[in-house]
$ cat my_file.cif   # mmCIF, C-alpha atoms
data_target
#
loop_
_atom_site.label_atom_id
_atom_site.label_comp_id
_atom_site.auth_asym_id
_atom_site.auth_seq_id
_atom_site.Cartn_x
_atom_site.Cartn_y
_atom_site.Cartn_z
CA MET A 300 -23.09 -32.65 -29.51
CA LYS A 301 -20.73 -34.02 -32.14
CA LYS A 302 -16.98 -34.05 -31.66
CA GLU A 303 -16.61 -31.44 -34.39
CA ILE A 304 -18.85 -28.95 -32.57
CA PHE A 305 -17.27 -29.78 -29.22
CA THR A 306 -13.85 -29.09 -30.76
CA ARG A 307 -15.02 -25.77 -32.17
CA HIS A 308 -16.39 -24.68 -28.78
CA VAL A 309 -13.20 -25.63 -26.96
CA LEU A 310 -10.93 -23.85 -29.43
CA PHE A 311 -13.11 -20.75 -29.20
CA VAL A 312 -12.78 -20.63 -25.42
CA GLU A 313 -9.10 -21.71 -25.39
CA PRO A 314 -7.63 -18.27 -24.53
CA THR A 315 -10.01 -18.06 -21.56
CA LEU A 316 -9.01 -21.55 -20.45
CA TYR A 317 -5.38 -20.47 -20.53
CA ARG A 318 -5.97 -17.29 -18.54
CA ILE A 319 -8.11 -19.08 -15.96
CA SER A 320 -5.59 -21.86 -15.42
CA LYS A 321 -2.72 -19.37 -15.38
CA SER A 322 -4.54 -17.38 -12.71
CA MET A 323 -4.69 -20.42 -10.48
CA LEU A 324 -1.52 -22.33 -11.29
CA HIS A 325 2.08 -21.31 -11.53
CA GLU A 326 3.64 -23.84 -13.87
CA GLU A 327 2.75 -23.85 -17.56
CA ALA A 328 2.90 -27.67 -17.44
CA ASP A 329 0.25 -27.67 -14.68
CA CYS A 330 -1.98 -25.44 -16.82
CA GLU A 331 -1.61 -27.88 -19.71
CA ASP A 332 -2.38 -30.86 -17.49
CA ALA A 333 -5.44 -29.11 -16.10
CA VAL A 334 -6.84 -28.19 -19.50
CA GLN A 335 -6.23 -31.68 -20.88
CA LYS A 336 -8.06 -33.34 -18.01
CA SER A 337 -10.87 -30.79 -18.25
CA ILE A 338 -11.40 -31.44 -21.95
CA LEU A 339 -11.48 -35.20 -21.39
CA LYS A 340 -13.87 -34.84 -18.47
CA ALA A 341 -16.12 -32.43 -20.35
CA TYR A 342 -16.32 -34.75 -23.34
CA GLU A 343 -17.06 -37.70 -21.09
CA LYS A 344 -19.79 -35.76 -19.27
CA LEU A 345 -21.15 -33.98 -22.33
CA ASP A 346 -24.56 -35.50 -21.81
CA THR A 347 -24.88 -33.59 -18.55
CA LEU A 348 -24.65 -30.23 -20.33
CA LYS A 349 -28.27 -29.10 -20.50
CA GLU A 350 -27.90 -26.22 -22.95
CA GLU A 351 -25.17 -25.57 -25.49
CA SER A 352 -25.23 -21.86 -24.64
CA TYR A 353 -23.79 -22.70 -21.21
CA PHE A 354 -20.83 -24.57 -22.69
CA ASN A 355 -18.19 -21.96 -21.84
CA THR A 356 -19.17 -21.41 -18.23
CA TRP A 357 -19.64 -25.18 -17.80
CA LEU A 358 -16.16 -25.92 -19.13
CA ILE A 359 -14.60 -23.13 -17.04
CA ARG A 360 -16.13 -24.66 -13.95
CA ILE A 361 -14.70 -28.07 -14.82
CA LEU A 362 -11.31 -26.47 -15.44
CA MET A 363 -11.36 -24.65 -12.11
CA ASN A 364 -12.13 -27.91 -10.32
CA GLU A 365 -9.17 -29.54 -12.07
CA CYS A 366 -6.97 -26.62 -11.05
CA TYR A 367 -8.13 -26.99 -7.44
CA THR A 368 -7.23 -30.68 -7.58
CA ILE A 369 -3.72 -29.82 -8.78
CA ILE A 370 -3.41 -27.13 -6.12
CA LYS A 371 -4.40 -29.64 -3.43
CA LYS A 372 -1.75 -32.07 -4.65
CA LYS A 373 0.88 -29.33 -4.78
CA ASN A 374 -0.16 -28.14 -1.33
CA ARG A 375 0.95 -31.45 0.09
CA ILE A 376 4.45 -30.67 -1.13
CA VAL A 377 4.67 -26.90 -0.81
CA PRO A 378 2.19 -24.38 0.65
CA TYR A 379 0.07 -22.80 -2.09
CA GLU A 380 1.22 -19.30 -1.13
CA ASP A 381 4.84 -20.30 -1.75
CA TYR A 382 3.86 -21.97 -5.01
CA MET A 383 2.16 -18.82 -6.30
CA GLU A 384 4.91 -16.59 -4.92
CA LYS A 385 7.19 -18.16 -7.52
CA SER A 386 4.75 -17.08 -10.19
CA VAL A 387 4.94 -13.47 -9.08
CA GLU A 388 8.72 -13.61 -9.09
CA TYR A 389 8.77 -15.06 -12.59
CA HIS A 390 6.95 -12.19 -14.24
CA VAL A 391 9.13 -9.23 -13.64
CA ASP A 392 8.57 -7.23 -16.81
CA GLU A 393 6.60 -4.04 -16.49
CA THR A 394 3.75 -5.14 -18.70
CA ASN A 395 2.91 -7.79 -16.13
CA GLU A 396 2.74 -5.39 -13.23
CA ILE A 397 -1.01 -5.79 -12.97
CA TYR A 398 -0.69 -9.53 -13.46
CA GLN A 399 1.66 -9.74 -10.52
CA ALA A 400 -0.76 -7.74 -8.43
CA VAL A 401 -3.64 -10.02 -9.42
CA LEU A 402 -1.61 -13.09 -8.51
CA LYS A 403 -0.98 -11.67 -5.06
CA LEU A 404 -4.72 -11.60 -4.37
CA PRO A 405 -6.16 -14.45 -2.30
CA LEU A 406 -7.28 -17.23 -4.66
CA LYS A 407 -11.05 -16.81 -4.25
CA ILE A 408 -10.88 -13.05 -4.73
CA ARG A 409 -8.42 -13.44 -7.58
CA MET A 410 -10.70 -15.76 -9.52
CA THR A 411 -13.68 -13.46 -9.08
CA ILE A 412 -11.61 -10.50 -10.29
CA VAL A 413 -10.28 -12.44 -13.28
CA LEU A 414 -13.71 -13.68 -14.33
CA PHE A 415 -15.21 -10.19 -14.03
CA TYR A 416 -12.50 -7.94 -15.39
CA VAL A 417 -10.44 -10.15 -17.64
CA GLU A 418 -13.12 -12.45 -19.01
CA GLY A 419 -15.97 -9.98 -18.82
CA TYR A 420 -18.49 -12.26 -17.11
CA SER A 421 -21.39 -10.68 -15.27
CA VAL A 422 -22.02 -11.11 -11.56
CA GLU A 423 -24.83 -13.55 -12.38
CA GLU A 424 -22.56 -15.64 -14.62
CA ILE A 425 -19.79 -15.67 -12.02
CA LYS A 426 -22.34 -16.73 -9.43
CA THR A 427 -23.06 -19.79 -11.60
CA ILE A 428 -19.43 -20.58 -12.37
CA LEU A 429 -18.26 -20.31 -8.76
CA ASN A 430 -21.51 -21.60 -7.28
CA ILE A 431 -21.70 -18.80 -4.74
CA PRO A 432 -24.40 -16.19 -3.99
CA SER A 433 -24.28 -12.99 -6.04
CA GLY A 434 -23.70 -11.01 -2.84
CA THR A 435 -20.50 -12.95 -2.27
CA VAL A 436 -19.41 -12.24 -5.84
CA LYS A 437 -19.95 -8.53 -5.26
CA SER A 438 -18.15 -8.48 -1.92
CA ARG A 439 -15.18 -10.36 -3.41
CA LEU A 440 -15.04 -7.86 -6.26
CA ALA A 441 -15.10 -5.01 -3.80
CA LYS A 442 -12.33 -6.57 -1.70
CA GLY A 443 -10.29 -7.29 -4.80
CA ARG A 444 -10.62 -3.73 -6.04
CA LYS A 445 -9.53 -2.38 -2.67
CA LEU A 446 -6.48 -4.61 -2.62
CA LEU A 447 -5.56 -3.68 -6.16
CA GLN A 448 -6.06 0.02 -5.49
CA LYS A 449 -3.81 -0.33 -2.49
CA ASP A 450 -1.18 -1.90 -4.70
CA PHE A 451 -1.52 0.67 -7.45
CA GLY A 452 -2.55 3.73 -5.51
CA ASN A 453 0.89 5.31 -5.66
CA THR A 454 2.07 3.99 -8.99
CA SER A 455 1.88 5.17 -12.56
CA ARG A 456 -0.74 2.56 -13.19
CA ASN A 457 -3.39 4.14 -10.99
CA GLU A 458 -5.52 4.68 -14.08
CA VAL A 459 -6.42 1.00 -14.09
CA LYS A 460 -10.04 0.78 -15.02
CA TYR A 461 -11.77 -0.83 -12.11
CA GLY A 462 -15.28 -0.60 -13.45
CA THR A 463 -18.49 -0.78 -11.47
CA ILE A 464 -20.96 -3.44 -10.53
CA MET B 7 -4.95 8.88 -19.88
CA GLU B 8 -3.74 5.30 -20.04
CA GLN B 9 -6.43 2.68 -19.81
CA PHE B 10 -5.37 -0.81 -18.88
CA GLU B 11 -6.32 -3.73 -21.08
CA TRP B 12 -6.94 -6.56 -18.64
CA LYS B 13 -6.71 -9.31 -21.21
CA ASP B 14 -3.18 -8.24 -22.13
CA THR B 15 -1.94 -9.01 -18.64
CA PHE B 16 -1.76 -12.72 -19.39
CA GLY B 17 -0.09 -12.43 -22.75
CA LYS B 18 -0.89 -14.65 -25.70
CA THR B 19 -1.76 -18.30 -25.24
CA PRO B 20 1.55 -20.20 -25.52
CA GLN B 21 2.01 -22.54 -28.44
CA SER B 22 2.61 -25.49 -26.10
CA PHE B 23 -0.76 -24.88 -24.44
CA HIS B 24 -2.51 -24.72 -27.79
CA LYS B 25 -0.79 -27.92 -28.93
CA ARG B 26 -1.91 -29.71 -25.79
CA VAL B 27 -5.50 -28.58 -26.38
CA GLN B 28 -5.35 -29.55 -30.05
CA ASN B 29 -3.80 -32.96 -29.38
CA THR B 30 -6.35 -33.70 -26.70
CA LEU B 31 -9.18 -32.77 -29.06
CA ASP B 32 -7.65 -34.80 -31.89
CA GLY B 33 -7.48 -37.85 -29.66
CA LEU B 34 -11.12 -37.78 -28.59
CA PRO B 35 -13.22 -40.65 -29.89
CA GLU B 36 -16.17 -39.83 -32.09
CA LYS B 37 -19.59 -39.86 -30.54
CA LYS B 38 -21.63 -42.79 -31.77
CA GLU B 39 -22.65 -42.29 -35.38
CA PRO B 40 -23.06 -44.53 -38.44
CA HIS B 41 -19.77 -45.34 -40.14
CA ILE B 42 -17.67 -44.17 -37.25
CA MET B 43 -14.98 -46.72 -37.40
CA MET B 44 -12.70 -46.98 -34.45
CA LYS B 45 -12.21 -50.59 -33.63
CA SER B 46 -9.03 -52.40 -33.02
CA LYS B 47 -7.98 -55.69 -31.68
CA PHE B 48 -5.29 -54.31 -29.49
CA THR B 49 -4.19 -51.17 -27.75
CA ILE B 50 -2.76 -48.38 -29.83
CA LYS B 51 -0.95 -45.49 -28.30
CA LYS B 52 -2.68 -43.13 -30.63
CA ALA B 53 -1.08 -39.99 -29.31
CA VAL B 54 2.25 -41.45 -30.22
CA VAL B 55 0.95 -41.92 -33.71
CA LEU B 56 -0.44 -38.43 -33.93
CA SER B 57 2.55 -36.64 -32.55
CA LEU B 58 5.65 -38.06 -31.03
CA ALA B 59 6.52 -34.64 -29.79
CA ALA B 60 3.23 -34.23 -27.99
CA ALA B 61 3.51 -33.77 -24.30
CA LEU B 62 0.54 -35.95 -23.54
CA ALA B 63 -0.34 -39.56 -23.90
CA ILE B 64 -3.92 -40.12 -24.78
CA GLY B 65 -5.03 -43.39 -26.20
CA THR B 66 -8.19 -44.42 -27.89
CA THR B 67 -8.94 -48.06 -28.30
CA VAL B 68 -11.94 -50.06 -29.19
CA PHE B 69 -12.04 -53.76 -28.55
CA ALA B 70 -13.60 -56.25 -30.86
CA ALA B 71 -15.84 -57.94 -28.36
CA GLY B 72 -17.09 -57.70 -24.82
CA LYS B 73 -18.76 -54.93 -22.92
CA ILE B 74 -15.82 -52.56 -23.12
CA THR B 75 -15.84 -50.76 -26.43
CA THR B 76 -13.64 -47.75 -25.77
CA THR B 77 -10.80 -46.84 -23.49
CA MET B 78 -9.51 -43.38 -22.91
CA GLY B 79 -6.30 -42.54 -21.12
CA SER B 80 -4.68 -39.39 -19.86
CA SER B 81 -1.28 -38.74 -18.42
CA SER B 82 0.58 -35.77 -17.11
CA LYS B 83 3.91 -34.53 -18.35
CA SER B 84 4.80 -33.71 -14.77
CA THR B 85 4.71 -37.41 -13.82
CA GLU B 86 7.00 -38.47 -16.66
CA PHE B 87 10.30 -39.97 -15.53
CA HIS B 88 13.56 -40.49 -17.40
CA THR B 89 15.45 -42.50 -14.82
CA LEU B 90 14.09 -45.95 -14.14
CA PRO B 91 12.71 -45.85 -10.59
CA THR B 92 13.23 -48.61 -8.07
CA ALA B 93 10.60 -51.33 -7.87
CA ALA B 94 9.15 -49.75 -4.72
CA GLU B 95 8.94 -46.35 -6.38
CA LEU B 96 7.28 -47.83 -9.44
CA LYS B 97 4.73 -49.58 -7.25
CA GLU B 98 3.98 -46.32 -5.52
CA LYS B 99 3.48 -44.61 -8.87
CA CYS B 100 1.19 -47.18 -10.47
CA GLY B 101 -0.20 -49.01 -7.44
CA PHE B 102 0.74 -52.55 -8.42
CA ASP B 103 3.74 -54.88 -8.66
CA THR B 104 4.99 -55.50 -12.14
CA LYS B 105 7.66 -57.21 -14.17
CA TYR B 106 9.96 -55.03 -16.24
CA VAL B 107 13.53 -54.82 -17.47
CA SER B 108 15.94 -51.91 -17.64
CA ASN B 109 17.22 -53.04 -21.03
CA PHE B 110 16.70 -55.81 -23.57
CA SER B 111 19.43 -58.08 -24.90
CA ASN B 112 18.97 -56.67 -28.43
CA GLY B 113 20.10 -53.23 -27.34
CA TYR B 114 16.83 -51.49 -26.45
CA THR B 115 17.38 -49.48 -23.25
CA PHE B 116 14.94 -47.71 -20.95
CA ASP B 117 14.36 -44.14 -22.05
CA SER B 118 11.29 -42.76 -20.29
CA GLY B 119 8.14 -43.76 -18.47
CA ASN B 120 4.85 -42.48 -17.21
CA VAL B 121 1.68 -43.60 -15.50
CA ILE B 122 -1.56 -43.30 -17.45
CA ASP B 123 -5.02 -43.17 -15.93
CA THR B 124 -7.18 -45.32 -18.16
CA SER B 125 -10.96 -45.49 -18.17
CA ALA B 126 -12.99 -48.05 -20.09
CA TYR B 127 -16.45 -47.37 -21.50
CA ASP B 128 -19.24 -49.46 -22.92
CA ASP B 129 -21.24 -48.74 -26.06
CA ASP B 130 -23.43 -46.25 -24.22
CA LYS B 131 -20.39 -44.31 -22.98
CA ASN B 132 -20.84 -45.54 -19.43
CA LYS B 133 -17.58 -45.89 -17.56
CA VAL B 134 -17.30 -49.58 -16.72
CA ALA B 135 -13.73 -49.81 -15.46
CA ALA B 136 -10.76 -47.69 -14.53
CA THR B 137 -7.17 -48.65 -14.03
CA LYS B 138 -3.68 -47.27 -13.96
CA GLU B 139 -1.25 -48.22 -16.68
CA LEU B 140 2.52 -48.13 -16.47
CA ASP B 141 4.07 -47.09 -19.76
CA LEU B 142 7.81 -47.66 -20.29
CA SER B 143 9.63 -46.62 -23.47
CA TYR B 144 12.84 -48.22 -24.63
CA LYS B 145 15.14 -46.85 -27.31
CA ASN B 146 17.75 -48.31 -29.58
CA GLN B 147 19.23 -45.41 -31.52
CA ASP B 148 16.16 -43.88 -33.20
CA ALA B 149 13.90 -46.90 -32.81
CA THR B 150 11.42 -47.14 -29.95
CA VAL B 151 9.35 -49.89 -28.38
CA SER B 152 6.93 -49.43 -25.52
CA LEU B 153 5.97 -51.77 -22.74
CA SER B 154 2.61 -51.03 -21.16
CA VAL B 155 1.43 -52.81 -18.06
CA SER B 156 -2.19 -52.38 -17.07
CA GLY B 157 -3.19 -52.99 -13.46
CA SER B 158 -6.42 -54.69 -14.60
CA ILE B 159 -7.21 -56.92 -17.54
CA LEU B 160 -9.45 -54.88 -19.83
CA ASP B 161 -8.77 -56.70 -23.07
CA ASP B 162 -10.30 -60.02 -23.94
CA MET B 163 -7.43 -62.18 -25.17
CA SER B 164 -9.80 -64.95 -26.21
CA THR B 165 -10.84 -62.82 -29.18
CA GLU B 166 -7.32 -62.71 -30.59
CA LYS B 167 -7.12 -64.30 -34.00
CA SER B 168 -3.54 -65.47 -33.78
CA ALA B 169 -2.62 -68.72 -32.05
CA PRO B 170 -0.66 -68.04 -28.88
CA VAL B 171 2.93 -69.02 -28.26
CA HIS B 172 3.20 -70.83 -24.94
CA TYR B 173 6.09 -69.79 -22.76
CA ASN B 174 6.52 -70.62 -19.06
CA GLN B 175 2.76 -71.20 -18.69
CA VAL B 176 2.02 -67.84 -20.31
CA ASN B 177 0.11 -67.43 -23.57
CA ILE B 178 1.77 -64.83 -25.78
CA TYR B 179 -0.28 -63.34 -28.61
CA TYR B 180 1.15 -61.50 -31.60
CA GLN B 181 -0.67 -58.92 -33.66
CA ASN B 182 0.46 -57.11 -36.77
CA GLN B 183 -1.86 -54.58 -38.33
CA ASP B 184 -1.73 -51.58 -40.63
CA TYR B 185 -3.80 -48.67 -39.46
CA LYS B 186 -5.25 -45.80 -41.39
CA PHE B 187 -5.81 -42.71 -39.27
CA GLU B 188 -8.23 -40.25 -40.77
CA PRO B 189 -9.49 -36.75 -39.90
CA ALA B 190 -12.57 -36.64 -37.68
CA ASP B 191 -14.94 -35.72 -40.53
CA TYR B 192 -13.63 -38.32 -42.98
CA LYS B 193 -16.22 -40.44 -44.75
CA MET B 194 -15.27 -43.93 -45.81
CA THR B 195 -15.01 -44.63 -49.51
CA ALA B 196 -16.11 -47.91 -51.07
CA GLN B 197 -12.44 -48.91 -51.26
CA ASP B 198 -12.01 -48.12 -47.55
CA LYS B 199 -14.94 -50.35 -46.69
CA ALA B 200 -13.47 -53.13 -48.81
CA ASP B 201 -10.06 -52.67 -47.17
CA GLU B 202 -11.64 -52.80 -43.75
CA ALA B 203 -13.66 -55.89 -44.59
CA SER B 204 -10.58 -57.68 -45.93
CA GLY B 205 -8.54 -56.71 -42.88
CA LYS B 206 -6.03 -54.77 -44.93
CA TYR B 207 -6.49 -51.71 -42.75
CA GLU B 208 -8.08 -50.88 -39.47
CA PHE B 209 -9.52 -47.39 -39.54
CA SER B 210 -9.41 -44.83 -36.82
CA TYR B 211 -10.43 -41.19 -36.66
CA GLY B 212 -8.93 -38.16 -35.03
CA SER B 213 -5.71 -37.32 -36.87
CA GLN B 214 -5.22 -34.02 -38.68
CA LYS B 215 -4.39 -35.73 -41.97
CA GLU B 216 -4.47 -39.25 -43.34
CA GLU B 217 -1.70 -41.40 -41.91
CA ILE B 218 -0.88 -45.06 -42.39
CA GLU B 219 1.06 -46.76 -39.63
CA ASN B 220 2.01 -50.33 -38.89
CA PHE B 221 1.73 -51.67 -35.36
CA GLN B 222 3.10 -54.89 -33.99
CA SER B 223 2.05 -55.95 -30.54
CA ILE B 224 2.89 -58.76 -28.21
CA LEU B 225 0.19 -59.26 -25.59
CA TRP B 226 0.02 -61.44 -22.56
CA THR B 227 -1.58 -61.52 -19.15
CA GLU B 228 0.14 -62.53 -15.99
CA ASP B 229 -0.84 -62.25 -12.31
CA GLY B 230 -3.97 -60.28 -13.16
CA LYS B 231 -2.08 -57.72 -15.19
CA GLU B 232 -2.10 -57.06 -18.91
CA TYR B 233 1.21 -56.59 -20.72
CA ASN B 234 1.57 -55.06 -24.16
CA LEU B 235 4.91 -54.74 -25.91
CA GLN B 236 4.39 -52.57 -28.95
CA ALA B 237 6.48 -51.40 -31.88
CA GLN B 238 5.37 -48.90 -34.47
CA ASP B 239 6.71 -48.99 -38.06
CA SER B 240 9.53 -51.12 -36.77
CA THR B 241 12.07 -53.41 -38.43
CA LEU B 242 11.77 -55.81 -35.49
CA THR B 243 10.36 -59.20 -36.45
CA GLN B 244 7.74 -61.25 -34.64
CA GLN B 245 10.54 -63.43 -33.26
CA ASP B 246 12.50 -60.36 -32.05
CA LEU B 247 9.47 -59.06 -30.20
CA THR B 248 8.59 -62.48 -28.81
CA THR B 249 12.12 -62.82 -27.44
CA MET B 250 11.83 -59.38 -25.83
CA ALA B 251 8.49 -60.37 -24.27
CA GLN B 252 10.08 -63.55 -22.92
CA GLU B 253 12.79 -61.46 -21.27
CA VAL B 254 10.10 -59.50 -19.44
CA ILE B 255 8.32 -62.73 -18.45
CA ASP B 256 11.62 -64.09 -17.16
CA ALA B 257 12.25 -60.98 -15.08
CA ARG B 258 11.50 -61.35 -11.41
CA GLN B 259 8.24 -59.80 -10.29
CA GLN B 260 9.19 -56.52 -8.58
#

$ encode --input "my_file.cif" --output "structure tokens"
Amino acid sequence: MKKEIFTRHVLFVEPTLYRISKSMLHEEADCEDAVQKSILKAYEKLDTLKEESYFNTWLIRILMNECYTIIKKKNRIVPYEDYMEKSVEYHVDETNEIYQAVLKLPLKIRMTIVLFYVEGYSVEEIKTILNIPSGTVKSRLAKGRKLLQKDFGNTSRNEVKYGTI
Amino acid sequence: MEQFEWKDTFGKTPQSFHKRVQNTLDGLPEKKEPHIMMKSKFTIKKAVVLSLAAALAIGTTVFAAGKITTTMGSSSKSTEFHTLPTAAELKEKCGFDTKYVSNFSNGYTFDSGNVIDTSAYDDDKNKVAATKELDLSYKNQDATVSLSVSGSILDDMSTEKSAPVHYNQVNIYYQNQDYKFEPADYKMTAQDKADEASGKYEFSYGSQKEEIENFQSILWTEDGKEYNLQAQDSTLTQQDLTTMAQEVIDARQQ
């Protein structure tokens, strides 16, 4: 794959890369670091991408690994829960009510919810991205929905479309 | 009944994020193709060339000879520092002892620094070496010079064309070169090829538009480390830069 095509693919998936990193990391600067390292790593390992059609899910997986690396480093300084707690506190406007609720979800459940509902990936695609069995994807979605319903059950936002699997 | 749009929850992608993506993409080397031209005799902080305001430092360098043909570096804004750390703190950051100064006698004073993870690749894109690089910037009003110290010697000084200046048992090499940075899809003209052959310009790809920049570098190796004092489009002379390099060589190893 030429640089030009690689660039086009990355720019196409850029909003997803932002949302994924923002789901996992609190600081904007951390998100930027993660995406930079992911792009460099992806370009370096481009030969390992078997099919171009898997580019997006492949890059998302690389990005998530970079985010985990940053989380591990941050964890040495401050517990991840405290780190993410800041993120929830930051976004106080009403439009981010659901965002705050999503950020309160445990990381593994949160990422499954984000990939399914926000990014629109299927259970099978999420299974590949997260490298977990499809049953685990489904159970995480179910847990996530329950937690979100609990959060929104008595609010004006109880019309949130949870969807089905 | 209100229906929630999940994608809206994250808002629009911030401009700073997009810039970081774009700058990273711009700085990527081309995959091997005919007439892809990146080759230089010495390290260029290309990100600095592309955008001084960019939050990242990514460098692309190709050496004239030897197995290493490309180096790629990445740094994090979060590790950038604006107060010169102690020697022990610097060692912890970059993993090696180094010589440095807080200011030069001609008025250049420490402004900022960072640690860059640098990987070196051969022609087949195999990673053949990796090292950390300490990057210190010094300012004198609006003018900037950078001192980079690499923990390993990746460059082959024996290929330098200029005769070295000997100073305290150290060979100091000087390089002065005009560079033409071109967009990724740029095709060389006949004039470009002639300019490259004559040494008038070195060509490099990856910028958004054509840019011509002059780089002066002072290179030396000492105690297994590679030092590069670099000025871009600067009024400093070879002698000025050599004197500055000598001040670093005279500094006590920290």

$ resolve_selection --input "my_file.cif" --expression "the PyMOL selection byres ((chain A and resi 303-305) around 12)" --output "PDB file with C-alpha atoms, keeping the file's coordinate frame"
ATOM      1  CA  MET A 300     -23.090 -32.650 -29.510  1.00  0.00           C
ATOM      2  CA  LYS A 301     -20.730 -34.020 -32.140  1.00  0.00           C
ATOM      3  CA  LYS A 302     -16.980 -34.050 -31.660  1.00  0.00           C
ATOM      4  CA  THR A 306     -13.850 -29.090 -30.760  1.00  0.00           C
ATOM      5  CA  ARG A 307     -15.020 -25.770 -32.170  1.00  0.00           C
ATOM      6  CA  HIS A 308     -16.390 -24.680 -28.780  1.00  0.00           C
ATOM      7  CA  VAL A 309     -13.200 -25.630 -26.960  1.00  0.00           C
ATOM      8  CA  LEU A 310     -10.930 -23.850 -29.430  1.00  0.00           C
ATOM      9  CA  PHE A 311     -13.110 -20.750 -29.200  1.00  0.00           C
ATOM     10  CA  VAL A 312     -12.780 -20.630 -25.420  1.00  0.00           C
ATOM     11  CA  ILE A 338     -11.400 -31.440 -21.950  1.00  0.00           C
ATOM     12  CA  LEU A 339     -11.480 -35.200 -21.390  1.00  0.00           C
ATOM     13  CA  ALA A 341     -16.120 -32.430 -20.350  1.00  0.00           C
ATOM     14  CA  TYR A 342     -16.320 -34.750 -23.340  1.00  0.00           C
ATOM     15  CA  GLU A 343     -17.060 -37.700 -21.090  1.00  0.00           C
ATOM     16  CA  LYS A 344     -19.790 -35.760 -19.270  1.00  0.00           C
ATOM     17  CA  LEU A 345     -21.150 -33.980 -22.330  1.00  0.00           C
ATOM     18  CA  ASP A 346     -24.560 -35.500 -21.810  1.00  0.00           C
ATOM     19  CA  LEU A 348     -24.650 -30.230 -20.330  1.00  0.00           C
ATOM     20  CA  GLU A 351     -25.170 -25.570 -25.490  1.00  0.00           C
ATOM     21  CA  PHE A 354     -20.830 -24.570 -22.690  1.00  0.00           C
ATOM     22  CA  ASN A 355     -18.190 -21.960 -21.840  1.00  0.00           C
ATOM     23  CA  LEU A 358     -16.160 -25.920 -19.130  1.00  0.00           C
TER      24      LEU A 358
ATOM     25  CA  GLN B  28      -5.350 -29.550 -30.050  1.00  0.00           C
ATOM     26  CA  THR B  30      -6.350 -33.700 -26.700  1.00  0.00           C
ATOM     27  CA  LEU B  31      -9.180 -32.770 -29.060  1.00  0.00           C
ATOM     28  CA  ASP B  32      -7.650 -34.800 -31.890  1.00  0.00           C
ATOM     29  CA  LEU B  34     -11.120 -37.780 -28.590  1.00  0.00           C
ATOM     30  CA  PRO B  35     -13.220 -40.650 -29.890  1.00  0.00           C
ATOM     31  CA  GLU B  36     -16.170 -39.830 -32.090  1.00  0.00           C
ATOM     32  CA  LYS B  37     -19.590 -39.860 -30.540  1.00  0.00           C
ATOM     33  CA  PRO B 189      -9.490 -36.750 -39.900  1.00  0.00           C
ATOM     34  CA  ALA B 190     -12.570 -36.640 -37.680  1.00  0.00           C
ATOM     35  CA  ASP B 191     -14.940 -35.720 -40.530  1.00  0.00           C
ATOM     36  CA  TYR B 192     -13.630 -38.320 -42.980  1.00  0.00           C
ATOM     37  CA  TYR B 211     -10.430 -41.190 -36.660  1.00  0.00           C
ATOM     38  CA  GLY B 212      -8.930 -38.160 -35.030  1.00  0.00           C
TER      39      GLY B 212
END

$ closest_residue --input "my_file.cif" --among "A:His325, A:Asp450, A:Val413, A:Thr347" --to "Ile425 (chain A)" --atoms "all atoms listed in the file"
A:Val413

$ atom_distance --input "my_file.cif" --atom1 "CA of Leu404 (chain A)" --atom2 "CA of Leu440 (chain A)"
11.1 Å

$ resolve_selection --input "my_file.cif" --expression "the PyMOL selection byres ((chain B and resi 97-108) around 10)" --output "count of residues only"
47

$ atom_distance --input "my_file.cif" --atom1 "CA of Thr19 (chain B)" --atom2 "CA of Tyr317 (chain A)"
6.3 Å

$ resolve_selection --input "my_file.cif" --expression "the PyMOL selection byres ((chain A and resi 364) around 12)" --output "VMD selection string"
chain A and resid 319 to 320 323 333 to 334 336 to 337 340 to 341 357 to 363 365 to 371 428 to 430

$ write_last_selection --input "my_file.cif" --atoms "C-alpha atoms" --output "mmCIF file, keeping the file's coordinate frame"
data_model
loop_
_atom_site.group_PDB
_atom_site.id
_atom_site.type_symbol
_atom_site.label_atom_id
_atom_site.label_comp_id
_atom_site.auth_asym_id
_atom_site.auth_seq_id
_atom_site.Cartn_x
_atom_site.Cartn_y
_atom_site.Cartn_z
ATOM 1 C CA ILE A 319 -8.110 -19.080 -15.960
ATOM 2 C CA SER A 320 -5.590 -21.860 -15.420
ATOM 3 C CA MET A 323 -4.690 -20.420 -10.480
ATOM 4 C CA ALA A 333 -5.440 -29.110 -16.100
ATOM 5 C CA VAL A 334 -6.840 -28.190 -19.500
ATOM 6 C CA LYS A 336 -8.060 -33.340 -18.010
ATOM 7 C CA SER A 337 -10.870 -30.790 -18.250
ATOM 8 C CA LYS A 340 -13.870 -34.840 -18.470
ATOM 9 C CA ALA A 341 -16.120 -32.430 -20.350
ATOM 10 C CA TRP A 357 -19.640 -25.180 -17.800
ATOM 11 C CA LEU A 358 -16.160 -25.920 -19.130
ATOM 12 C CA ILE A 359 -14.600 -23.130 -17.040
ATOM 13 C CA ARG A 360 -16.130 -24.660 -13.950
ATOM 14 C CA ILE A 361 -14.700 -28.070 -14.820
ATOM 15 C CA LEU A 362 -11.310 -26.470 -15.440
ATOM 16 C CA MET A 363 -11.360 -24.650 -12.110
ATOM 17 C CA GLU A 365 -9.170 -29.540 -12.070
ATOM 18 C CA CYS A 366 -6.970 -26.620 -11.050
ATOM 19 C CA TYR A 367 -8.130 -26.990 -7.440
ATOM 20 C CA THR A 368 -7.230 -30.680 -7.580
ATOM 21 C CA ILE A 369 -3.720 -29.820 -8.780
ATOM 22 C CA ILE A 370 -3.410 -27.130 -6.120
ATOM 23 C CA LYS A 371 -4.400 -29.640 -3.430
ATOM 24 C CA ILE A 428 -19.430 -20.580 -12.370
ATOM 25 C CA LEU A 429 -18.260 -20.310 -8.760
ATOM 26 C CA ASN A 430 -21.510 -21.600 -7.280
#
